[in-house]
Amino acid sequence: MLENLKTALLLGIMSAILVVVCGAIGSIFSLGSFGIFIGFIFAIIMNFVSYFYSDKIALSSYNARIVSEQEAPNLHRIIGELSNQAGIKKPRVAIIESNTPNAFATGRNQSHAAVAVTTALLQILNEDELRGVLSHELGHIKNRDILISSVAATLAGMIVAIADWGRYAVFFATDDDAGSILGSLLIAILGPIAATLIQLSISRSREYKADATGAQICGNPHALAEALRKLEFANINMPMTDAKSTDAHMFIINPLTNIGGTLQKLFSTHPSTADRIKRLEGMAVSQQY
């Protein structure tokens, strides 16, 4: 409930930032509203496409291959059992040829969902740990995190698109407009940064939520915690070379090299693994798993 309230609050703040940026930029352009409108529509179209084709885009980006029950019977069996426990439709199953252990879920709803795992993940985790990871990914599907991420991305995209138009205001400035122009440019610069930070915060919040949901689905928070330990160690020492920063939020563990530090945490798509493990272990104690 706490993570859901936090997400709703952050989305509300992003909406407020969008209104402020639109107001500031609109006050400068006497003929610029049409350009802002174009940028606004462009952001909607881009995110509309990414939302409805998110599963195809994500799977093709990492050459994930959809596998049948005959090709991966054990993986299908586990995902089928966990899907029943979660009360959701069984998603498609995909495998990525990679030496880095990781996994992600994609799809705008249960009918278009897929869970993808790397070959390395299947090699280094025991069945309990694998069930924990898969439960986490099913948690994303159950919690409709793809939809939430798409809404956040749409709002952030709108803010960035409109702010980009605002930066052209300086070319239309007069001496009388100087103060107003400076204020609008400041908003045009800070607005997208604030929107990006909030979008990343939403991503981190949904990871906590998926951990909790996943632990409930598999009934073994300790197994998920141990899997996260293994995956973080492997991803730090062998990061996924073809991973993209724009896709990092999809994976259960950030596939890019962690550099640590406060600034890195602020701009990270994931909460610290230590914090996630601490929450899972606390969940195991409080609920007596």
# chains A, B, ... in the order shown; residues from 1 in each chain; ligands from 1

$ residues_around --residues "Leu280 of chain A" --least-positions-apart "2" --cutoff "12 Å" --atoms "only C-alpha atoms" --output "PyMOL selection string"
chain A and resi 132+136+207-216+219-229+273-278+282-289

$ write_last_selection --atoms "C-alpha atoms" --output "PDB file, in the first residue's frame"
ATOM      1  CA  GLY A 132      12.005 -16.263  -6.296  1.00  0.00           C
ATOM      2  CA  HIS A 136       9.412 -11.099  -8.793  1.00  0.00           C
ATOM      3  CA  GLU A 207      11.046  -2.775  -7.635  1.00  0.00           C
ATOM      4  CA  TYR A 208      10.332  -2.806  -3.904  1.00  0.00           C
ATOM      5  CA  LYS A 209       6.696  -3.590  -4.669  1.00  0.00           C
ATOM      6  CA  ALA A 210       7.629  -6.438  -7.042  1.00  0.00           C
ATOM      7  CA  ASP A 211      10.000  -7.891  -4.427  1.00  0.00           C
ATOM      8  CA  ALA A 212       7.211  -7.952  -1.846  1.00  0.00           C
ATOM      9  CA  THR A 213       4.675  -9.383  -4.299  1.00  0.00           C
ATOM     10  CA  GLY A 214       7.194 -11.952  -5.532  1.00  0.00           C
ATOM     11  CA  ALA A 215       7.981 -13.081  -1.997  1.00  0.00           C
ATOM     12  CA  GLN A 216       4.276 -13.598  -1.376  1.00  0.00           C
ATOM     13  CA  GLY A 219       6.326 -17.938  -0.207  1.00  0.00           C
ATOM     14  CA  ASN A 220      10.084 -17.748   0.266  1.00  0.00           C
ATOM     15  CA  PRO A 221      11.558 -14.238   0.773  1.00  0.00           C
ATOM     16  CA  HIS A 222      14.920 -15.738   1.773  1.00  0.00           C
ATOM     17  CA  ALA A 223      15.282 -17.471  -1.604  1.00  0.00           C
ATOM     18  CA  LEU A 224      14.627 -14.216  -3.495  1.00  0.00           C
ATOM     19  CA  ALA A 225      17.075 -12.386  -1.221  1.00  0.00           C
ATOM     20  CA  GLU A 226      19.782 -14.971  -1.875  1.00  0.00           C
ATOM     21  CA  ALA A 227      19.115 -14.808  -5.612  1.00  0.00           C
ATOM     22  CA  LEU A 228      19.550 -11.010  -5.528  1.00  0.00           C
ATOM     23  CA  ARG A 229      22.921 -11.442  -3.783  1.00  0.00           C
ATOM     24  CA  THR A 273      20.324  -4.507  -3.469  1.00  0.00           C
ATOM     25  CA  ALA A 274      21.308  -4.357   0.205  1.00  0.00           C
ATOM     26  CA  ASP A 275      18.109  -2.436   0.986  1.00  0.00           C
ATOM     27  CA  ARG A 276      16.017  -4.877  -1.018  1.00  0.00           C
ATOM     28  CA  ILE A 277      17.545  -7.854   0.790  1.00  0.00           C
ATOM     29  CA  LYS A 278      17.013  -6.168   4.160  1.00  0.00           C
ATOM     30  CA  GLY A 282      12.405  -8.365   7.507  1.00  0.00           C
ATOM     31  CA  MET A 283       9.357  -9.632   5.624  1.00  0.00           C
ATOM     32  CA  ALA A 284      10.414 -13.224   6.300  1.00  0.00           C
ATOM     33  CA  VAL A 285      10.705 -12.546  10.038  1.00  0.00           C
ATOM     34  CA  SER A 286       7.525 -10.482  10.418  1.00  0.00           C
ATOM     35  CA  GLN A 287       5.353 -12.896   8.461  1.00  0.00           C
ATOM     36  CA  GLN A 288       7.137 -16.032   9.709  1.00  0.00           C
ATOM     37  CA  TYR A 289       7.948 -17.549   6.349  1.00  0.00           C
TER      38      TYR A 289
END

$ residues_around --residues "Ser68 of chain A" --least-positions-apart "3" --cutoff "10 Å" --atoms "only C-alpha atoms" --output "PyMOL selection string"
chain A and resi 65+71-73+75-76+92-94

$ write_last_selection --atoms "all heavy atoms" --output "mmCIF file, in the first residue's frame"
data_model
loop_
_atom_site.group_PDB
_atom_site.id
_atom_site.type_symbol
_atom_site.label_atom_id
_atom_site.label_comp_id
_atom_site.auth_asym_id
_atom_site.auth_seq_id
_atom_site.Cartn_x
_atom_site.Cartn_y
_atom_site.Cartn_z
ATOM 1 N N ARG A 65 14.419 -15.283 -27.296
ATOM 2 C CA ARG A 65 13.711 -16.264 -28.116
ATOM 3 C C ARG A 65 12.580 -16.898 -27.307
ATOM 4 O O ARG A 65 12.814 -17.449 -26.230
ATOM 5 C CB ARG A 65 14.691 -17.336 -28.583
ATOM 6 C CG ARG A 65 14.091 -18.402 -29.490
ATOM 7 C CD ARG A 65 15.193 -19.301 -30.034
ATOM 8 N NE ARG A 65 15.913 -20.002 -28.972
ATOM 9 C CZ ARG A 65 15.546 -21.194 -28.472
ATOM 10 N NH1 ARG A 65 14.458 -21.813 -28.952
ATOM 11 N NH2 ARG A 65 16.258 -21.777 -27.531
ATOM 12 N N GLU A 71 10.830 -27.225 -25.388
ATOM 13 C CA GLU A 71 12.205 -26.726 -25.360
ATOM 14 C C GLU A 71 12.689 -26.425 -23.943
ATOM 15 O O GLU A 71 13.871 -26.581 -23.646
ATOM 16 C CB GLU A 71 12.302 -25.458 -26.208
ATOM 17 C CG GLU A 71 12.076 -25.673 -27.696
ATOM 18 C CD GLU A 71 12.055 -24.353 -28.447
ATOM 19 O OE1 GLU A 71 11.071 -23.599 -28.304
ATOM 20 O OE2 GLU A 71 13.034 -24.073 -29.166
ATOM 21 N N ALA A 72 11.794 -25.947 -23.079
ATOM 22 C CA ALA A 72 12.182 -25.598 -21.709
ATOM 23 C C ALA A 72 11.096 -26.062 -20.738
ATOM 24 O O ALA A 72 10.379 -25.242 -20.156
ATOM 25 C CB ALA A 72 12.405 -24.087 -21.594
ATOM 26 N N PRO A 73 10.954 -27.372 -20.570
ATOM 27 C CA PRO A 73 9.855 -27.905 -19.741
ATOM 28 C C PRO A 73 9.914 -27.454 -18.286
ATOM 29 O O PRO A 73 8.874 -27.143 -17.694
ATOM 30 C CB PRO A 73 10.023 -29.426 -19.882
ATOM 31 C CG PRO A 73 11.450 -29.625 -20.281
ATOM 32 C CD PRO A 73 11.802 -28.449 -21.124
ATOM 33 N N LEU A 75 11.330 -24.744 -16.942
ATOM 34 C CA LEU A 75 11.044 -23.311 -16.834
ATOM 35 C C LEU A 75 9.549 -23.050 -16.998
ATOM 36 O O LEU A 75 8.946 -22.283 -16.234
ATOM 37 C CB LEU A 75 11.847 -22.547 -17.891
ATOM 38 C CG LEU A 75 11.824 -21.012 -17.824
ATOM 39 C CD1 LEU A 75 12.297 -20.517 -16.469
ATOM 40 C CD2 LEU A 75 12.697 -20.432 -18.944
ATOM 41 N N HIS A 76 8.947 -23.706 -17.967
ATOM 42 C CA HIS A 76 7.501 -23.567 -18.181
ATOM 43 C C HIS A 76 6.720 -24.084 -16.974
ATOM 44 O O HIS A 76 5.719 -23.482 -16.564
ATOM 45 C CB HIS A 76 7.071 -24.315 -19.438
ATOM 46 C CG HIS A 76 7.097 -23.485 -20.680
ATOM 47 N ND1 HIS A 76 6.040 -22.691 -21.065
ATOM 48 C CD2 HIS A 76 8.057 -23.316 -21.633
ATOM 49 C CE1 HIS A 76 6.334 -22.074 -22.193
ATOM 50 N NE2 HIS A 76 7.553 -22.425 -22.566
ATOM 51 N N ARG A 92 4.123 -15.609 -21.753
ATOM 52 C CA ARG A 92 5.042 -16.295 -22.652
ATOM 53 C C ARG A 92 6.410 -16.398 -21.983
ATOM 54 O O ARG A 92 6.747 -15.603 -21.109
ATOM 55 C CB ARG A 92 5.158 -15.541 -23.975
ATOM 56 C CG ARG A 92 3.911 -15.610 -24.845
ATOM 57 C CD ARG A 92 4.013 -14.645 -26.017
ATOM 58 N NE ARG A 92 4.041 -13.262 -25.538
ATOM 59 C CZ ARG A 92 4.531 -12.240 -26.241
ATOM 60 N NH1 ARG A 92 5.049 -12.437 -27.431
ATOM 61 N NH2 ARG A 92 4.503 -11.028 -25.736
ATOM 62 N N VAL A 93 7.174 -17.376 -22.401
ATOM 63 C CA VAL A 93 8.483 -17.638 -21.791
ATOM 64 C C VAL A 93 9.565 -17.442 -22.842
ATOM 65 O O VAL A 93 9.462 -17.970 -23.957
ATOM 66 C CB VAL A 93 8.541 -19.072 -21.224
ATOM 67 C CG1 VAL A 93 9.895 -19.347 -20.605
ATOM 68 C CG2 VAL A 93 7.418 -19.285 -20.207
ATOM 69 N N ALA A 94 10.590 -16.680 -22.480
ATOM 70 C CA ALA A 94 11.668 -16.390 -23.432
ATOM 71 C C ALA A 94 13.024 -16.593 -22.765
ATOM 72 O O ALA A 94 13.169 -16.436 -21.550
ATOM 73 C CB ALA A 94 11.552 -14.962 -23.958
#

$ residues_around --residues "segment 86-90 of chain A" --least-positions-apart "2" --cutoff "8 Å" --atoms "only C-alpha atoms" --output "mmCIF file with all heavy atoms, in the first residue's frame"
data_model
loop_
_atom_site.group_PDB
_atom_site.id
_atom_site.type_symbol
_atom_site.label_atom_id
_atom_site.label_comp_id
_atom_site.auth_asym_id
_atom_site.auth_seq_id
_atom_site.Cartn_x
_atom_site.Cartn_y
_atom_site.Cartn_z
ATOM 1 N N ILE A 79 7.000 -21.500 -14.060
ATOM 2 C CA ILE A 79 6.232 -20.273 -14.345
ATOM 3 C C ILE A 79 4.734 -20.565 -14.309
ATOM 4 O O ILE A 79 3.943 -19.744 -13.821
ATOM 5 C CB ILE A 79 6.645 -19.680 -15.703
ATOM 6 C CG1 ILE A 79 8.071 -19.114 -15.600
ATOM 7 C CG2 ILE A 79 5.677 -18.587 -16.148
ATOM 8 C CD1 ILE A 79 8.608 -18.516 -16.879
ATOM 9 N N GLY A 80 4.332 -21.744 -14.786
ATOM 10 C CA GLY A 80 2.924 -22.118 -14.735
ATOM 11 C C GLY A 80 2.423 -22.236 -13.304
ATOM 12 O O GLY A 80 1.342 -21.741 -12.965
ATOM 13 N N LEU A 82 3.726 -20.855 -10.570
ATOM 14 C CA LEU A 82 3.755 -19.549 -9.909
ATOM 15 C C LEU A 82 2.640 -18.636 -10.425
ATOM 16 O O LEU A 82 2.083 -17.841 -9.661
ATOM 17 C CB LEU A 82 5.120 -18.886 -10.114
ATOM 18 C CG LEU A 82 6.305 -19.586 -9.431
ATOM 19 C CD1 LEU A 82 7.613 -18.919 -9.846
ATOM 20 C CD2 LEU A 82 6.151 -19.555 -7.912
ATOM 21 N N SER A 83 2.329 -18.747 -11.700
ATOM 22 C CA SER A 83 1.238 -17.943 -12.263
ATOM 23 C C SER A 83 -0.084 -18.313 -11.605
ATOM 24 O O SER A 83 -0.911 -17.435 -11.306
ATOM 25 C CB SER A 83 1.149 -18.146 -13.779
ATOM 26 O OG SER A 83 2.313 -17.669 -14.428
ATOM 27 N N ASN A 84 -0.286 -19.608 -11.378
ATOM 28 C CA ASN A 84 -1.500 -20.055 -10.697
ATOM 29 C C ASN A 84 -1.556 -19.510 -9.275
ATOM 30 O O ASN A 84 -2.610 -19.071 -8.795
ATOM 31 C CB ASN A 84 -1.564 -21.586 -10.670
ATOM 32 C CG ASN A 84 -1.891 -22.182 -12.032
ATOM 33 O OD1 ASN A 84 -2.544 -21.535 -12.852
ATOM 34 N ND2 ASN A 84 -1.453 -23.407 -12.274
ATOM 35 N N ARG A 92 4.123 -15.609 -21.753
ATOM 36 C CA ARG A 92 5.042 -16.295 -22.652
ATOM 37 C C ARG A 92 6.410 -16.398 -21.983
ATOM 38 O O ARG A 92 6.747 -15.603 -21.109
ATOM 39 C CB ARG A 92 5.158 -15.541 -23.975
ATOM 40 C CG ARG A 92 3.911 -15.610 -24.845
ATOM 41 C CD ARG A 92 4.013 -14.645 -26.017
ATOM 42 N NE ARG A 92 4.041 -13.262 -25.538
ATOM 43 C CZ ARG A 92 4.531 -12.240 -26.241
ATOM 44 N NH1 ARG A 92 5.049 -12.437 -27.431
ATOM 45 N NH2 ARG A 92 4.503 -11.028 -25.736
ATOM 46 N N GLN A 110 -1.687 -8.767 -18.869
ATOM 47 C CA GLN A 110 -1.464 -10.202 -18.736
ATOM 48 C C GLN A 110 -1.562 -10.937 -20.069
ATOM 49 O O GLN A 110 -0.887 -11.947 -20.276
ATOM 50 C CB GLN A 110 -2.469 -10.779 -17.741
ATOM 51 C CG GLN A 110 -2.270 -10.314 -16.314
ATOM 52 C CD GLN A 110 -3.237 -10.969 -15.348
ATOM 53 O OE1 GLN A 110 -3.699 -12.088 -15.567
ATOM 54 N NE2 GLN A 110 -3.558 -10.280 -14.260
ATOM 55 N N SER A 111 -2.394 -10.432 -20.968
ATOM 56 C CA SER A 111 -2.584 -11.107 -22.257
ATOM 57 C C SER A 111 -1.413 -10.885 -23.206
ATOM 58 O O SER A 111 -1.283 -11.600 -24.200
ATOM 59 C CB SER A 111 -3.882 -10.614 -22.917
ATOM 60 O OG SER A 111 -5.002 -10.936 -22.114
ATOM 61 N N LEU A 138 6.780 -11.985 -12.199
ATOM 62 C CA LEU A 138 5.321 -12.121 -12.256
ATOM 63 C C LEU A 138 4.652 -11.037 -11.409
ATOM 64 O O LEU A 138 3.546 -10.592 -11.715
ATOM 65 C CB LEU A 138 4.899 -13.507 -11.774
ATOM 66 C CG LEU A 138 5.320 -14.683 -12.659
ATOM 67 C CD1 LEU A 138 4.921 -16.007 -12.012
ATOM 68 C CD2 LEU A 138 4.712 -14.577 -14.056
ATOM 69 N N GLY A 139 5.346 -10.613 -10.357
ATOM 70 C CA GLY A 139 4.843 -9.515 -9.541
ATOM 71 C C GLY A 139 4.713 -8.233 -10.349
ATOM 72 O O GLY A 139 3.739 -7.482 -10.186
ATOM 73 N N LYS A 142 1.572 -8.693 -12.409
ATOM 74 C CA LYS A 142 0.372 -8.611 -11.570
ATOM 75 C C LYS A 142 0.103 -7.170 -11.130
ATOM 76 O O LYS A 142 -1.051 -6.727 -11.069
ATOM 77 C CB LYS A 142 0.537 -9.511 -10.349
ATOM 78 C CG LYS A 142 -0.699 -9.548 -9.460
ATOM 79 C CD LYS A 142 -0.552 -10.573 -8.343
ATOM 80 C CE LYS A 142 -1.827 -10.637 -7.497
ATOM 81 N NZ LYS A 142 -1.747 -11.689 -6.459
ATOM 82 N N ILE A 217 4.208 -14.536 -3.616
ATOM 83 C CA ILE A 217 3.846 -15.543 -4.612
ATOM 84 C C ILE A 217 4.595 -16.853 -4.377
ATOM 85 O O ILE A 217 4.005 -17.936 -4.361
ATOM 86 C CB ILE A 217 4.123 -15.026 -6.042
ATOM 87 C CG1 ILE A 217 3.166 -13.876 -6.392
ATOM 88 C CG2 ILE A 217 3.976 -16.168 -7.065
ATOM 89 C CD1 ILE A 217 3.512 -13.179 -7.694
#

$ closest_residue --among "A:Leu200, A:Gly107, A:Leu125, A:Ile45" --to "Leu59 of chain A" --atoms "only C-alpha atoms"
A:Gly107

$ residues_around --residues "Asn102 of chain A" --least-positions-apart "3" --cutoff "7 Å" --atoms "only C-alpha atoms" --output "PyMOL selection string"
chain A and resi 117-118+121+231+251-253

$ atom_distance --atom1 "atom CA of Ile141 of chain A" --atom2 "atom CA of Val115 of chain A"
9.1 Å

$ closest_residue --among "A:Leu155, A:Thr100, A:Ile78, A:Asp145" --to "Glu129 of chain A" --atoms "only C-alpha atoms"
A:Ile78

$ decode --residues "segment 43-160 of chain A" --atoms "C-alpha atoms" --output "compact mmCIF listing (two decimals), in the first residue's frame"
# COMPACT_ATOMS: atom_id res chain seq x y z
CA ALA A 43 5.60 12.66 -26.91
CA ILE A 44 2.20 10.95 -26.63
CA ILE A 45 2.65 9.10 -29.93
CA MET A 46 6.14 7.88 -29.05
CA ASN A 47 5.04 6.56 -25.68
CA PHE A 48 1.82 5.13 -27.14
CA VAL A 49 3.88 3.08 -29.59
CA SER A 50 6.38 1.99 -26.93
CA TYR A 51 3.53 0.93 -24.65
CA PHE A 52 1.57 -1.15 -27.15
CA TYR A 53 4.70 -2.70 -28.64
CA SER A 54 6.77 -2.82 -25.44
CA ASP A 55 6.92 -6.61 -25.38
CA LYS A 56 8.10 -6.92 -28.99
CA ILE A 57 10.61 -4.08 -28.63
CA ALA A 58 12.07 -5.41 -25.37
CA LEU A 59 12.36 -9.01 -26.56
CA SER A 60 13.88 -8.11 -29.92
CA SER A 61 16.36 -5.70 -28.29
CA TYR A 62 18.04 -8.61 -26.52
CA ASN A 63 17.39 -11.31 -29.11
CA ALA A 64 15.13 -13.08 -26.64
CA ARG A 65 13.71 -16.26 -28.12
CA ILE A 66 10.22 -17.43 -27.17
CA VAL A 67 10.54 -21.09 -26.15
CA SER A 68 7.93 -23.84 -26.07
CA GLU A 69 7.21 -26.27 -23.24
CA GLN A 70 9.10 -28.94 -25.19
CA GLU A 71 12.20 -26.73 -25.36
CA ALA A 72 12.18 -25.60 -21.71
CA PRO A 73 9.86 -27.91 -19.74
CA ASN A 74 11.22 -27.07 -16.28
CA LEU A 75 11.04 -23.31 -16.83
CA HIS A 76 7.50 -23.57 -18.18
CA ARG A 77 6.49 -25.78 -15.26
CA ILE A 78 7.75 -23.32 -12.65
CA ILE A 79 6.23 -20.27 -14.34
CA GLY A 80 2.92 -22.12 -14.73
CA GLU A 81 2.83 -23.05 -11.04
CA LEU A 82 3.75 -19.55 -9.91
CA SER A 83 1.24 -17.94 -12.26
CA ASN A 84 -1.50 -20.06 -10.70
CA GLN A 85 -0.35 -19.01 -7.23
CA ALA A 86 -0.33 -15.36 -8.34
CA GLY A 87 -3.79 -15.66 -9.89
CA ILE A 88 -2.67 -14.38 -13.30
CA LYS A 89 -2.48 -15.77 -16.83
CA LYS A 90 0.70 -17.62 -17.63
CA PRO A 91 2.96 -15.30 -19.67
CA ARG A 92 5.04 -16.30 -22.65
CA VAL A 93 8.48 -17.64 -21.79
CA ALA A 94 11.67 -16.39 -23.43
CA ILE A 95 15.37 -17.14 -23.11
CA ILE A 96 18.27 -14.76 -23.81
CA GLU A 97 21.68 -16.16 -24.69
CA SER A 98 23.92 -14.27 -22.27
CA ASN A 99 26.76 -14.95 -19.85
CA THR A 100 25.27 -12.43 -17.41
CA PRO A 101 22.48 -13.74 -15.16
CA ASN A 102 19.40 -11.52 -15.25
CA ALA A 103 15.68 -11.48 -16.05
CA PHE A 104 12.87 -9.11 -16.96
CA ALA A 105 9.13 -9.03 -17.56
CA THR A 106 7.44 -7.05 -20.30
CA GLY A 107 3.99 -6.55 -21.79
CA ARG A 108 1.22 -4.02 -21.24
CA ASN A 109 -1.14 -6.53 -19.61
CA GLN A 110 -1.46 -10.20 -18.74
CA SER A 111 -2.58 -11.11 -22.26
CA HIS A 112 0.55 -9.60 -23.81
CA ALA A 113 3.08 -10.43 -21.11
CA ALA A 114 6.37 -12.28 -21.38
CA VAL A 115 9.07 -13.26 -18.91
CA ALA A 116 12.61 -13.47 -20.24
CA VAL A 117 15.59 -15.03 -18.47
CA THR A 118 19.22 -15.34 -19.51
CA THR A 119 20.93 -18.68 -19.92
CA ALA A 120 23.42 -17.72 -17.20
CA LEU A 121 20.60 -17.17 -14.70
CA LEU A 122 19.34 -20.71 -15.28
CA GLN A 123 22.84 -22.00 -14.61
CA ILE A 124 23.73 -20.25 -11.34
CA LEU A 125 20.44 -20.36 -9.40
CA ASN A 126 18.95 -23.35 -7.65
CA GLU A 127 15.22 -23.99 -8.08
CA ASP A 128 14.14 -22.08 -4.96
CA GLU A 129 16.14 -19.02 -6.04
CA LEU A 130 14.83 -19.31 -9.59
CA ARG A 131 11.29 -19.43 -8.27
CA GLY A 132 12.01 -16.26 -6.30
CA VAL A 133 13.27 -14.40 -9.36
CA LEU A 134 10.39 -15.56 -11.55
CA SER A 135 7.91 -14.60 -8.83
CA HIS A 136 9.41 -11.10 -8.79
CA GLU A 137 8.86 -10.80 -12.54
CA LEU A 138 5.32 -12.12 -12.26
CA GLY A 139 4.84 -9.52 -9.54
CA HIS A 140 5.60 -6.80 -12.10
CA ILE A 141 2.93 -8.24 -14.37
CA LYS A 142 0.37 -8.61 -11.57
CA ASN A 143 1.02 -5.04 -10.35
CA ARG A 144 0.68 -3.63 -13.89
CA ASP A 145 4.08 -1.98 -13.59
CA ILE A 146 4.48 -1.72 -17.37
CA LEU A 147 1.39 0.50 -17.46
CA ILE A 148 2.65 2.64 -14.56
CA SER A 149 6.09 2.98 -16.16
CA SER A 150 4.47 3.98 -19.45
CA VAL A 151 2.39 6.70 -17.78
CA ALA A 152 5.50 8.04 -16.03
CA ALA A 153 7.46 7.92 -19.28
CA THR A 154 4.66 9.76 -21.11
CA LEU A 155 4.57 12.55 -18.54
CA ALA A 156 8.36 12.84 -18.53
CA GLY A 157 8.43 12.81 -22.34
CA MET A 158 5.88 15.61 -22.48
CA ILE A 159 7.88 17.72 -20.03
CA VAL A 160 11.11 17.21 -21.97
